[in-house]
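Trainee: One structure, as structure tokens, below. Some questions next.
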4 protein chains.
Amino acid sequence: MKKTAVPQDLKAVGVVGAGRMGTPIIGHLARKGFATRACDLDAARASAVKKLGAQWAASPESLAAESDAILICVGFDREVRELLAQGGPLRKARPGTIVAILSTIHPKTVQQLADECKGAGLHVVDSTVCRGGEAADSGTLLSFVGGGAEVVARLTPVLRAYSSDVVHTGGVGTAQVAKAANNLILWACLVADHEALALARHYGADIEALRKALLISSCANGPLEKWGSQTMAWAEDDMAIVAEMATEAGIALPQAGVNREICRELKPRRYKLELYGR
Amino acid sequence: MKKTAVPQDLKAVGVVGAGRMGTPIIGHLARKGFATRACDLDAARASAVKKLGAQWAASPESLAAESDAILICVGFDREVRELLAQGGPLRKARPGTIVAILSTIHPKTVQQLADECKGAGLHVVDSTVCRGGEAADSGTLLSFVGGGAEVVARLTPVLRAYSSDVVHTGGVGTAQVAKAANNLILWACLVADHEALALARHYGADIEALRKALLISSCANGPLEKWGSQTMAWAEDDMAIVAEMATEAGIALPQAGVNREICRELKPRRYKLELYGR
Amino acid sequence: MKKTAVPQDLKAVGVVGAGRMGTPIIGHLARKGFATRACDLDAARASAVKKLGAQWAASPESLAAESDAILICVGFDREVRELLAQGGPLRKARPGTIVAILSTIHPKTVQQLADECKGAGLHVVDSTVCRGGEAADSGTLLSFVGGGAEVVARLTPVLRAYSSDVVHTGGVGTAQVAKAANNLILWACLVADHEALALARHYGADIEALRKALLISSCANGPLEKWGSQTMAWAEDDMAIVAEMATEAGIALPQAGVNREICRELKPRRYKLELYGR
Amino acid sequence: MKKTAVPQDLKAVGVVGAGRMGTPIIGHLARKGFATRACDLDAARASAVKKLGAQWAASPESLAAESDAILICVGFDREVRELLAQGGPLRKARPGTIVAILSTIHPKTVQQLADECKGAGLHVVDSTVCRGGEAADSGTLLSFVGGGAEVVARLTPVLRAYSSDVVHTGGVGTAQVAKAANNLILWACLVADHEALALARHYGADIEALRKALLISSCANGPLEKWGSQTMAWAEDDMAIVAEMATEAGIALPQAGVNREICRELKPRRYKLELYGR
């Protein structure tokens with residue numbers, strides 16, 4: 001594995017969570033020459049992590065002690081909170097450490113944690129990733145990053161290790177807002193694509209030919225392009241965050257409301273047009 | 001206005017309906033060298049038509065008598081039916097004339113009319129247009145065309161006069177099915193875009209920057225790209241056709257059902273994110 | 001079969017359509033002493049009609065010629081239009097005949113037909129029936145009636161033959177508006193009842209006990225009381241009329257929009273809570 | 001204020017939360033002869049409580065020490081949890097005390113708290129109340145109660161002090177399931193009533209006359225009967241619990257999904273039919 005020089009000041013990067021997204025990110029970081037450490041609740045992930053050229057850390061605490069920047073790639077709001085809570089393992093990171101939350105969680109959680117961790121000298125930012133697992137594999141993710149300009153500038157080379165596009169969306173929490181907007185539209189499109197293709201199927205259309213034709217039409221959309229490949233693994237969780245955000249904002253999102261429910265029913269039968277709506 | 005040679009057999013083209021779509025189509029046909037005639041219920045359209053290099057026909061009957069191919073660009077199912085009904089003006093077209101329905105109507109209407117007009121020797125096909133008014137202006141429409149292979153082959157040079165893409169979708173009626181699928185997704189995307197951006201706005205996002213970032217993300221979609229420019233003039237009519245098709249197909253399209261209603265409320269306040277969902 | 005005196009001026013009543021609703025209505029009219037004639041496209045209905053004490057008419061024309069009042073109990077807008085169209089069979093009714101449309105159709109259809117038939121001296125009113133088949137059997141229907149006060153007063157004894165409640169809703173068409181409102185709420189309740197009970201079932205509730213408890217609570221509703229007995233035979237047609245009315249009124253009814261679609265999916269699996277939403 | 005004899009073993013009843021529901025409940029308990037103590041975070045409630053013939057407790061701890069049964073009438077899941085948490089004020093209740101949760105919260109929260117409090121000898125049950133504020137005032141609430149038969153039997157005389165109907169719904173948590181089902185249907189009906197009446201209004205109906213007619217029709221429902229009086233104060237919170245329950249149950253509730261969003265928009269303009277859907 002070829003290692004290239006790292007010209008920037010952040011050299012040691014810790015990754016908490018070696019799952020579907022974290023694992024390829026770890027690989028890209030190591031290949032780009034970052035001193036990469038990773039940990040996961042599932043100790044069986046150690047060998048995969050080592051194969052990628054990264055070190056295995058026994059715990060988030062030990063990882064925190066050795067990192068200039070920490071990327072949090074866990075699944076849920078609760079897990080992020082526990083890592084960064086008063087007395088939590090990442091609170092022991094060295095002052096000045098940048099902690100980037102890649103997990104999709106509520107923007108206010110990020111803002112609250114960023115506030116709470118200021119006293120410990122930690123720079124908590126959100127740095128959400130779009131485009132899914134295959135883009136993670138190929139290092140072509142889109143990263144939204146929310147935080148102060150200086151911190152974001154320092155973190156950007158780390159993000160560029162696995163992201164072909166990095167967009168600074170504004171202050172802390174805004175990367176979650178951008179991700180929520182992305183998710184709301186993403187799942188809406190996937191449902192709409194199902195409804196349209198299921199309807200066309202009942203009228204005898206050649207679905208694959210139609211899909212290709214629609215991709216050069218006014219309704220072209222990401223999920224139609226990736227038709228057949230999306231797992232919907234996180235669709236419900238994404239939409240639950242959207243619902244909570246809408247409640248707090250005090251606005252009604254009727255399409256999102258019905259999409260959330262449709263996603264739940266759709267997930268196990270996605271892409272099976274013959275089953276849609278019957 | 002330069003006229004280029006027309007190498008194909010269809011030389012005289014009639015256009016019924018000189019509205020927002022018909023008018024630029026008339027212009028492209030004339031410029032490409034077709035002997036173009038047009039008519040409209042609104043006689044005031046005559047001067048605009050003539051300026052484009054086409055002839056004005058006093059009535060659909062007189063237009064029909066002189067055309068190798070007729071393009072129907074009227075607004076509603078009822079109008080198309082009246083043109084092609086037993087005793088209707090277009091029934092008087094010469095045997096062998098190709099009649100292409102560009103209007104967005106129910107696929108079964110097209111199939112029924114095609115059947116009924118066979119006896120008169122007319123080749124009725126559907127040839128729906130996507131991408132909207134600006135694409136009509138620039139001659140870069142996408143045309144879906146449904147009909148027999150030979151008829152479609154003969155008609156294609158006519159369609160190419162105003163379409164940068166022509167897709168043969170199958171038998172008669174399939175171009176309407178493709179258009180309905182396009183419309184269902186199109187308006188779903190526009191609603192989802194509104195919901196996402198309205199939500200993000202409540203969390204302080206810079207909407208124009210966010211929109212651009214989402215356009216390189218997994219949720220990218222046509223209406224997000226054209227944000228701010230869609231009139232929604234036909235959204236309700238489009239969705240009424242979708243609803244009728246779903247009823248006949250016997251499948252439930254819950255997202256389309258709620259989108260139809262949202263579109264009605266959204267149209268007068270489209271793009272005004274501060275009003276969405278309050 | 002005991003016949004009671006009919007004190008009012010309308011003595012001969014014709015019923016067009018001897019289906020699920022028309023048949024018991026015919027029986028009640030005959031039993032109450034009206035000279036009752038009935039016809040149906042299905043000639044096999046003749047013997048059932050005769051058993052109820054009514055006469056069989058070979059056609060709507062012959063029925064029209066002999067009736068003081070005619071009740072139209074057919075299924076669809078199109079059928080009602082054909083009966084009352086220029087040259088249609090019921091146009092031959094004697095001047096002064098009251099024609100009551102019991103069918104659920106668009107209010108504007110009724111208003112239009114009433115207008116058109118004025119010249120022939122016919123009093124067209126709408127007289128919609130609620131509470132379903134069992135109430136028809138027991139003569140306890142609720143009739144909404146829309147028309148001029150004098151005509152409604154004369155018709156009321158006829159309606160009372162099969163209705164325990166008669167409500168004069170206003171001018172011609174208003175009985176359809178009332179019926180549409182009833183139907184919108186009715187099917188919304190049935191869907192909500194399914195959603196609530198399906199949810200409770202997943203949490204282990206005793207559904208029949210819960211249903212009874214909810215019937216004395218704030219959410220009590222008609223379909224919950226009749227749980228298990230509604231066929232949903234007309235739910236889709238009802239909701240299609242509601243959708244058309246909303247389009248014309250220019251207002252958005254998002255819940256009705258999604259209910260229409262849910263009804264389509266629900267009908268074949270109604271009351272099977274274990275299947276709901278999976 | 002006349003005090004009647006209390007024949008049952010639970011004599012001292014504590015009420016935590018003297019808000020819209022708690023206050024009239026305190027009054028009924030005192031009038032029925034229970035030794036009633038109440039507390040509230042808002043000390044200003046003391047005089048109202050005393051006027052009703054109950055004692056004011058300075059804190060939940062002091063109330064807990066003196067009560068045979070405690071009724072929790074606070075607003076939110078979080079508040080209930082804090083009261084009954086390890087180290088929380090109600091954990092200091094005497095062994096054998098019955099703690100009834102009247103608040104509308106997630107059924108699993110109740111089950112979890114009941115489990116956790118077993119060690120302290122507390123009998124935690126859920127005892128949710130339906131029919132709203134006016135029924136609380138008149139002592140005609142419907143109480144659903146979930147818990148073991150013996151505990152429920154002992155608690156029932158307390159519930160009867162303010163409830164004209166008490167339904168034992170099953171084990172701990174089932175009263176919350178019943179309440180959630182009630183709420184799902186309740187708000188669905190209120191939305192449907194708005195849609196139906198707004199539609200009828202556009203067609204010129206006399207709304208109050210129509211409402212009365214619909215109340216004797218197949219679509220009759222609680223919120224239509226109480227039209228004009230519901231505050232919707234808790235509608236959103238109710239529907240958020242329903243959404244969480246549906247997520248956990250893994251079933252889709254598309255109507256509830258859209259109703260939740262509609263309720264948010266509807267609340268400030270409820271009963272203003274002229275504004276609905278525009």
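By order in the structure tokens, chains are A, B, ...; within a chain, residues start at 1; ligands start at 1, following the order shown.
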Which residues of chain C are close to chain A, meaning at most 8 Å apart when you count only C-alpha atoms, and how do they look as a list of chain:residue names?
Mentor: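 Close to chain A, chain C has C:Pro254, C:Glu265, C:Gly277, C:Arg278.
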Trainee: Generate a file of the selected residues that holds C-alpha atoms, formatted as a compact mmCIF listing (two decimals), in the first residue's frame.
Mentor:
# COMPACT_ATOMS: atom_id res chain seq x y z
CA PRO C 254 -54.36 16.09 1.44
CA GLU C 265 -55.37 -1.08 -1.58
CA GLY C 277 -49.29 -1.66 6.60
CA ARG C 278 -46.85 -4.47 5.99
Trainee: What lies within 12 Å of region 26-28 of chain D using only C-alpha atoms, ignoring chain neighbours under 6 positions off, as number ranges by chain?
Mentor: D: 1-4, 12-20, 34-40, 45-46, 48-56, 70-73, 135-141, 157-164
Trainee: So, counting only C-alpha atoms, which residue among B:Leu186, B:Ala43, B:Ile105, B:Ala149 is closest to Ala240 (chain B)?
Mentor: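 For Ala240 (chain B), the nearest of the candidates is B:Ile105.
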Trainee: Which residue gives the smallest distance to Ala153 (chain B) among B:Ala181, B:Cys117, B:Ile98, B:Ala196, with only C-alpha atoms counted?
Mentor: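 Among the listed residues, the smallest separation from Ala153 (chain B) belongs to B:Ile98.
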Trainee: Identify all residues of region 30-238 of chain B in helix (DSSP H, G or I) (DSSP on the backbone) and supply them as a PyMOL selection string.
Mentor: chain B and resi 30-31+43-51+60-65+77-84+89-92+107-118+132-138+149-160+174-202+207-214+222-225+235-238
Trainee: Please identify all polymer residues within 8 Å of Arg211 (chain B), counting only C-alpha atoms, omitting same-chain residues fewer than 4 positions from it, and present them as a PyMOL selection string.
Mentor: chain B and resi 197+207+215+224
Trainee: As a PyMOL selection string, please: every residue in region 25-274 of chain A that a backbone DSSP assignment puts in strand (DSSP E).
Mentor: chain A and resi 35-39+55-56+69-72+98-101+123-130+141-146+163-170
Trainee: Let's have the selection written as a PDB file, in the first residue's frame, with C-alpha atoms.
Mentor:
ATOM      1  CA  ALA A  35      -1.652   7.784  10.770  1.00  0.00           C
ATOM      2  CA  THR A  36      -5.027   6.107  11.086  1.00  0.00           C
ATOM      3  CA  ARG A  37      -6.457   4.415  14.173  1.00  0.00           C
ATOM      4  CA  ALA A  38      -9.881   2.830  14.353  1.00  0.00           C
ATOM      5  CA  CYS A  39     -12.113   1.155  16.896  1.00  0.00           C
ATOM      6  CA  GLN A  55      -4.076   0.528  13.642  1.00  0.00           C
ATOM      7  CA  TRP A  56      -6.723  -1.055  15.835  1.00  0.00           C
ATOM      8  CA  ALA A  69      -8.824  14.533  14.484  1.00  0.00           C
ATOM      9  CA  ILE A  70     -11.534  12.024  15.271  1.00  0.00           C
ATOM     10  CA  LEU A  71     -14.242  10.957  12.842  1.00  0.00           C
ATOM     11  CA  ILE A  72     -17.402   9.548  14.428  1.00  0.00           C
ATOM     12  CA  ILE A  98     -11.182  18.218  16.001  1.00  0.00           C
ATOM     13  CA  VAL A  99     -14.110  15.834  16.417  1.00  0.00           C
ATOM     14  CA  ALA A 100     -16.139  15.403  13.239  1.00  0.00           C
ATOM     15  CA  ILE A 101     -19.556  13.759  13.450  1.00  0.00           C
ATOM     16  CA  HIS A 123     -13.732  21.426  18.245  1.00  0.00           C
ATOM     17  CA  VAL A 124     -16.875  19.471  17.450  1.00  0.00           C
ATOM     18  CA  VAL A 125     -18.120  19.841  13.881  1.00  0.00           C
ATOM     19  CA  ASP A 126     -20.561  17.870  11.720  1.00  0.00           C
ATOM     20  CA  SER A 127     -19.280  16.412   8.505  1.00  0.00           C
ATOM     21  CA  THR A 128     -22.004  14.365   6.905  1.00  0.00           C
ATOM     22  CA  VAL A 129     -21.447  12.130   3.893  1.00  0.00           C
ATOM     23  CA  CYS A 130     -23.682  11.663   0.858  1.00  0.00           C
ATOM     24  CA  LEU A 141     -18.220  10.842  -1.322  1.00  0.00           C
ATOM     25  CA  LEU A 142     -19.703  14.289  -1.004  1.00  0.00           C
ATOM     26  CA  SER A 143     -18.968  15.746   2.431  1.00  0.00           C
ATOM     27  CA  PHE A 144     -21.007  18.560   3.908  1.00  0.00           C
ATOM     28  CA  VAL A 145     -19.125  20.183   6.765  1.00  0.00           C
ATOM     29  CA  GLY A 146     -20.505  22.575   9.376  1.00  0.00           C
ATOM     30  CA  SER A 163     -14.483  12.809  -0.615  1.00  0.00           C
ATOM     31  CA  SER A 164     -14.262  14.079  -4.157  1.00  0.00           C
ATOM     32  CA  ASP A 165     -16.397  17.035  -3.073  1.00  0.00           C
ATOM     33  CA  VAL A 166     -16.346  18.967   0.183  1.00  0.00           C
ATOM     34  CA  VAL A 167     -18.916  21.694   0.786  1.00  0.00           C
ATOM     35  CA  HIS A 168     -18.644  24.022   3.777  1.00  0.00           C
ATOM     36  CA  THR A 169     -22.318  24.538   4.597  1.00  0.00           C
ATOM     37  CA  GLY A 170     -21.963  27.065   7.432  1.00  0.00           C
TER      38      GLY A 170
END
Trainee: Near Glu82 (chain B), counting only C-alpha atoms, which residues have an atom at most 12 Å away, once you skip same-chain residues fewer than 5 positions from it, shown as a list in words?
Mentor: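 Skipping anything fewer than 5 positions along the chain leaves Pro60, Ile72, Val74, Phe76, Asp77, Gly87, Gly88, Pro89, Leu90, Arg91, Thr109 and Leu113 of chain B.
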Trainee: Write out, as a CSV table (one decimal), in the first residue's frame, the residues just selected, with all heavy atoms.
Mentor:
chain,number,residue,atom,x,y,z
B,60,PRO,N,-59.3,23.6,-38.6
B,60,PRO,CA,-58.6,22.3,-38.7
B,60,PRO,C,-59.0,21.5,-39.9
B,60,PRO,O,-58.1,20.8,-40.5
B,60,PRO,CB,-59.2,21.6,-37.4
B,60,PRO,CG,-59.8,22.6,-36.6
B,60,PRO,CD,-60.1,23.8,-37.4
B,72,ILE,N,-51.1,17.5,-33.0
B,72,ILE,CA,-52.2,18.1,-32.2
B,72,ILE,C,-51.6,18.6,-30.9
B,72,ILE,O,-51.0,17.8,-30.1
B,72,ILE,CB,-53.3,17.0,-31.9
B,72,ILE,CG1,-53.9,16.5,-33.2
B,72,ILE,CG2,-54.3,17.6,-30.9
B,72,ILE,CD1,-55.0,15.5,-32.9
B,74,VAL,N,-53.2,20.7,-28.5
B,74,VAL,CA,-54.3,21.4,-27.7
B,74,VAL,C,-54.1,20.9,-26.3
B,74,VAL,O,-53.3,20.1,-26.0
B,74,VAL,CB,-55.7,21.0,-28.3
B,74,VAL,CG1,-55.8,21.5,-29.7
B,74,VAL,CG2,-55.9,19.5,-28.2
B,76,PHE,N,-56.6,19.7,-23.8
B,76,PHE,CA,-57.3,18.8,-23.0
B,76,PHE,C,-57.8,17.6,-23.8
B,76,PHE,O,-58.1,17.7,-25.1
B,76,PHE,CB,-58.5,19.5,-22.4
B,76,PHE,CG,-58.1,20.6,-21.5
B,76,PHE,CD1,-58.1,21.9,-21.8
B,76,PHE,CD2,-57.6,20.3,-20.2
B,76,PHE,CE1,-57.7,22.9,-21.0
B,76,PHE,CE2,-57.2,21.3,-19.3
B,76,PHE,CZ,-57.3,22.6,-19.7
B,77,ASP,N,-58.0,16.5,-23.1
B,77,ASP,CA,-58.6,15.3,-23.6
B,77,ASP,C,-59.9,15.5,-24.5
B,77,ASP,O,-60.0,15.0,-25.6
B,77,ASP,CB,-59.0,14.4,-22.4
B,77,ASP,CG,-59.2,13.0,-22.7
B,77,ASP,OD1,-60.2,12.6,-23.3
B,77,ASP,OD2,-58.3,12.2,-22.3
B,87,GLY,N,-67.0,12.4,-37.7
B,87,GLY,CA,-67.5,13.7,-38.1
B,87,GLY,C,-66.7,14.9,-37.7
B,87,GLY,O,-66.9,16.1,-38.1
B,88,GLY,N,-65.6,14.7,-36.9
B,88,GLY,CA,-64.8,15.8,-36.5
B,88,GLY,C,-63.9,16.2,-37.6
B,88,GLY,O,-63.7,15.5,-38.6
B,89,PRO,N,-63.3,17.4,-37.4
B,89,PRO,CA,-62.5,18.1,-38.5
B,89,PRO,C,-61.3,17.2,-39.0
B,89,PRO,O,-61.1,17.2,-40.3
B,89,PRO,CB,-62.1,19.4,-38.0
B,89,PRO,CG,-62.3,19.3,-36.5
B,89,PRO,CD,-63.4,18.3,-36.3
B,90,LEU,N,-60.6,16.5,-38.2
B,90,LEU,CA,-59.4,15.8,-38.6
B,90,LEU,C,-59.8,14.5,-39.3
B,90,LEU,O,-58.9,13.9,-39.9
B,90,LEU,CB,-58.4,15.7,-37.5
B,90,LEU,CG,-57.9,17.0,-36.8
B,90,LEU,CD1,-56.8,16.7,-35.9
B,90,LEU,CD2,-57.5,17.9,-37.9
B,91,ARG,N,-61.0,14.0,-39.2
B,91,ARG,CA,-61.4,12.8,-39.9
B,91,ARG,C,-61.4,13.0,-41.4
B,91,ARG,O,-61.4,12.1,-42.1
B,91,ARG,CB,-62.8,12.4,-39.4
B,91,ARG,CG,-62.9,11.7,-38.1
B,91,ARG,CD,-62.4,10.2,-38.2
B,91,ARG,NE,-62.5,9.6,-36.9
B,91,ARG,CZ,-63.4,8.8,-36.5
B,91,ARG,NH1,-64.3,8.4,-37.3
B,91,ARG,NH2,-63.4,8.3,-35.3
B,109,THR,N,-57.3,7.0,-24.2
B,109,THR,CA,-58.0,7.9,-25.2
B,109,THR,C,-57.3,7.8,-26.5
B,109,THR,O,-57.9,7.7,-27.6
B,109,THR,CB,-58.0,9.3,-24.7
B,109,THR,OG1,-58.6,9.4,-23.4
B,109,THR,CG2,-58.7,10.3,-25.6
B,113,LEU,N,-58.9,6.4,-30.0
B,113,LEU,CA,-59.0,7.2,-31.2
B,113,LEU,C,-58.2,6.6,-32.3
B,113,LEU,O,-58.7,6.6,-33.5
B,113,LEU,CB,-58.5,8.6,-30.9
B,113,LEU,CG,-59.3,9.4,-29.9
B,113,LEU,CD1,-58.6,10.7,-29.5
B,113,LEU,CD2,-60.7,9.8,-30.6
Trainee: Could you pull the residues within 10 Å of Thr247 (chain C), counting only C-alpha atoms, minus those fewer than 5 positions along the same chain, as a list in words?
Mentor: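 Contacts, in chain order: Glu236, Asp237, Ala240, Arg260, Glu261 and Arg264 of chain B; Ile241, Val242, Ala252 and Leu253 of chain C.
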Trainee: Generate a file of the selected residues that holds all heavy atoms, formatted as a PDB file, in the first residue's frame.
Mentor:
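What landed in selection_15.pdb:
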ATOM      1  N   GLU B 236     -51.748  20.102 -11.976  1.00  0.00           N
ATOM      2  CA  GLU B 236     -53.000  19.474 -11.528  1.00  0.00           C
ATOM      3  C   GLU B 236     -53.596  18.566 -12.585  1.00  0.00           C
ATOM      4  O   GLU B 236     -54.079  17.474 -12.282  1.00  0.00           O
ATOM      5  CB  GLU B 236     -54.021  20.548 -11.201  1.00  0.00           C
ATOM      6  CG  GLU B 236     -53.881  21.090  -9.817  1.00  0.00           C
ATOM      7  CD  GLU B 236     -55.124  21.892  -9.487  1.00  0.00           C
ATOM      8  OE1 GLU B 236     -56.196  21.286  -9.298  1.00  0.00           O
ATOM      9  OE2 GLU B 236     -55.026  23.129  -9.471  1.00  0.00           O
ATOM     10  N   ASP B 237     -53.590  19.031 -13.817  1.00  0.00           N
ATOM     11  CA  ASP B 237     -54.144  18.207 -14.892  1.00  0.00           C
ATOM     12  C   ASP B 237     -53.316  16.936 -15.063  1.00  0.00           C
ATOM     13  O   ASP B 237     -53.855  15.848 -15.266  1.00  0.00           O
ATOM     14  CB  ASP B 237     -54.183  19.018 -16.185  1.00  0.00           C
ATOM     15  CG  ASP B 237     -55.100  20.228 -16.066  1.00  0.00           C
ATOM     16  OD1 ASP B 237     -56.323  20.032 -16.091  1.00  0.00           O
ATOM     17  OD2 ASP B 237     -54.591  21.336 -15.893  1.00  0.00           O
ATOM     18  N   ALA B 240     -54.243  14.586 -12.310  1.00  0.00           N
ATOM     19  CA  ALA B 240     -55.589  14.018 -12.476  1.00  0.00           C
ATOM     20  C   ALA B 240     -55.530  12.819 -13.423  1.00  0.00           C
ATOM     21  O   ALA B 240     -56.209  11.809 -13.209  1.00  0.00           O
ATOM     22  CB  ALA B 240     -56.550  15.077 -12.994  1.00  0.00           C
ATOM     23  N   ARG B 260     -50.856  15.304  -5.524  1.00  0.00           N
ATOM     24  CA  ARG B 260     -51.872  15.992  -6.327  1.00  0.00           C
ATOM     25  C   ARG B 260     -52.508  17.123  -5.538  1.00  0.00           C
ATOM     26  O   ARG B 260     -52.679  18.228  -6.036  1.00  0.00           O
ATOM     27  CB  ARG B 260     -52.953  14.990  -6.753  1.00  0.00           C
ATOM     28  CG  ARG B 260     -54.054  15.621  -7.562  1.00  0.00           C
ATOM     29  CD  ARG B 260     -55.159  14.623  -7.907  1.00  0.00           C
ATOM     30  NE  ARG B 260     -56.218  15.260  -8.658  1.00  0.00           N
ATOM     31  CZ  ARG B 260     -57.323  14.654  -9.052  1.00  0.00           C
ATOM     32  NH1 ARG B 260     -57.494  13.370  -8.778  1.00  0.00           N
ATOM     33  NH2 ARG B 260     -58.241  15.300  -9.731  1.00  0.00           N
ATOM     34  N   GLU B 261     -52.834  16.834  -4.282  1.00  0.00           N
ATOM     35  CA  GLU B 261     -53.474  17.846  -3.446  1.00  0.00           C
ATOM     36  C   GLU B 261     -52.489  18.955  -3.084  1.00  0.00           C
ATOM     37  O   GLU B 261     -52.845  20.137  -3.095  1.00  0.00           O
ATOM     38  CB  GLU B 261     -54.050  17.199  -2.187  1.00  0.00           C
ATOM     39  CG  GLU B 261     -55.080  16.105  -2.467  1.00  0.00           C
ATOM     40  CD  GLU B 261     -56.295  16.613  -3.230  1.00  0.00           C
ATOM     41  OE1 GLU B 261     -56.849  17.644  -2.853  1.00  0.00           O
ATOM     42  OE2 GLU B 261     -56.693  15.955  -4.225  1.00  0.00           O
ATOM     43  N   ARG B 264     -52.003  21.538  -5.806  1.00  0.00           N
ATOM     44  CA  ARG B 264     -53.085  22.520  -5.930  1.00  0.00           C
ATOM     45  C   ARG B 264     -52.847  23.720  -5.012  1.00  0.00           C
ATOM     46  O   ARG B 264     -53.061  24.863  -5.396  1.00  0.00           O
ATOM     47  CB  ARG B 264     -54.417  21.839  -5.588  1.00  0.00           C
ATOM     48  CG  ARG B 264     -55.627  22.616  -6.051  1.00  0.00           C
ATOM     49  CD  ARG B 264     -56.902  21.814  -5.884  1.00  0.00           C
ATOM     50  NE  ARG B 264     -56.815  20.562  -6.613  1.00  0.00           N
ATOM     51  CZ  ARG B 264     -57.152  19.387  -6.113  1.00  0.00           C
ATOM     52  NH1 ARG B 264     -57.628  19.295  -4.881  1.00  0.00           N
ATOM     53  NH2 ARG B 264     -57.020  18.291  -6.835  1.00  0.00           N
TER      54      ARG B 264
ATOM     55  N   ILE C 241     -65.183  11.177  -6.937  1.00  0.00           N
ATOM     56  CA  ILE C 241     -66.056  12.362  -6.998  1.00  0.00           C
ATOM     57  C   ILE C 241     -65.519  13.464  -6.083  1.00  0.00           C
ATOM     58  O   ILE C 241     -65.455  14.636  -6.469  1.00  0.00           O
ATOM     59  CB  ILE C 241     -67.512  11.989  -6.606  1.00  0.00           C
ATOM     60  CG1 ILE C 241     -68.113  11.061  -7.672  1.00  0.00           C
ATOM     61  CG2 ILE C 241     -68.366  13.235  -6.424  1.00  0.00           C
ATOM     62  CD1 ILE C 241     -69.455  10.463  -7.292  1.00  0.00           C
ATOM     63  N   VAL C 242     -65.105  13.077  -4.881  1.00  0.00           N
ATOM     64  CA  VAL C 242     -64.528  14.063  -3.949  1.00  0.00           C
ATOM     65  C   VAL C 242     -63.320  14.744  -4.593  1.00  0.00           C
ATOM     66  O   VAL C 242     -63.166  15.971  -4.519  1.00  0.00           O
ATOM     67  CB  VAL C 242     -64.123  13.372  -2.626  1.00  0.00           C
ATOM     68  CG1 VAL C 242     -63.179  14.241  -1.802  1.00  0.00           C
ATOM     69  CG2 VAL C 242     -65.367  13.005  -1.823  1.00  0.00           C
ATOM     70  N   ALA C 252     -57.080  22.170  -1.585  1.00  0.00           N
ATOM     71  CA  ALA C 252     -56.319  20.938  -1.385  1.00  0.00           C
ATOM     72  C   ALA C 252     -56.889  20.141  -0.230  1.00  0.00           C
ATOM     73  O   ALA C 252     -57.168  20.699   0.826  1.00  0.00           O
ATOM     74  CB  ALA C 252     -54.864  21.285  -1.091  1.00  0.00           C
ATOM     75  N   LEU C 253     -57.081  18.848  -0.447  1.00  0.00           N
ATOM     76  CA  LEU C 253     -57.562  17.953   0.604  1.00  0.00           C
ATOM     77  C   LEU C 253     -56.562  16.818   0.768  1.00  0.00           C
ATOM     78  O   LEU C 253     -56.789  15.700   0.300  1.00  0.00           O
ATOM     79  CB  LEU C 253     -58.949  17.404   0.241  1.00  0.00           C
ATOM     80  CG  LEU C 253     -60.044  18.434  -0.051  1.00  0.00           C
ATOM     81  CD1 LEU C 253     -61.349  17.736  -0.431  1.00  0.00           C
ATOM     82  CD2 LEU C 253     -60.272  19.344   1.152  1.00  0.00           C
TER      83      LEU C 253
END
Trainee: Enter the distance from CA of Asp193 (chain D) to CA of Ser218 (chain C), in Å, rounded to one decimal.
Mentor: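 Result for CA of Asp193 (chain D) versus CA of Ser218 (chain C): 14.2 Å, one decimal.
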Trainee: Of the candidates A:Leu190, A:Ile216, A:Asp206, A:Ala93, which one gets nearest to Lys267 (chain A) if we count only C-alpha atoms?
Mentor: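 Using only C-alpha atoms, the shortest distance to Lys267 (chain A) belongs to A:Leu190.
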Trainee: May I ask for the distance between CA of Gly119 (chain B) and CA of Ala205 (chain A), given in Å to one decimal place?
Mentor: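 Those two atoms sit 26.8 Å apart.
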Trainee: Using CA of Ala209 (chain A) and CA of Val177 (chain B) as the two end points, give the distance in Å to one decimal.
Mentor: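 Taking CA of Ala209 (chain A) and CA of Val177 (chain B), their separation equals 12.5 Å.
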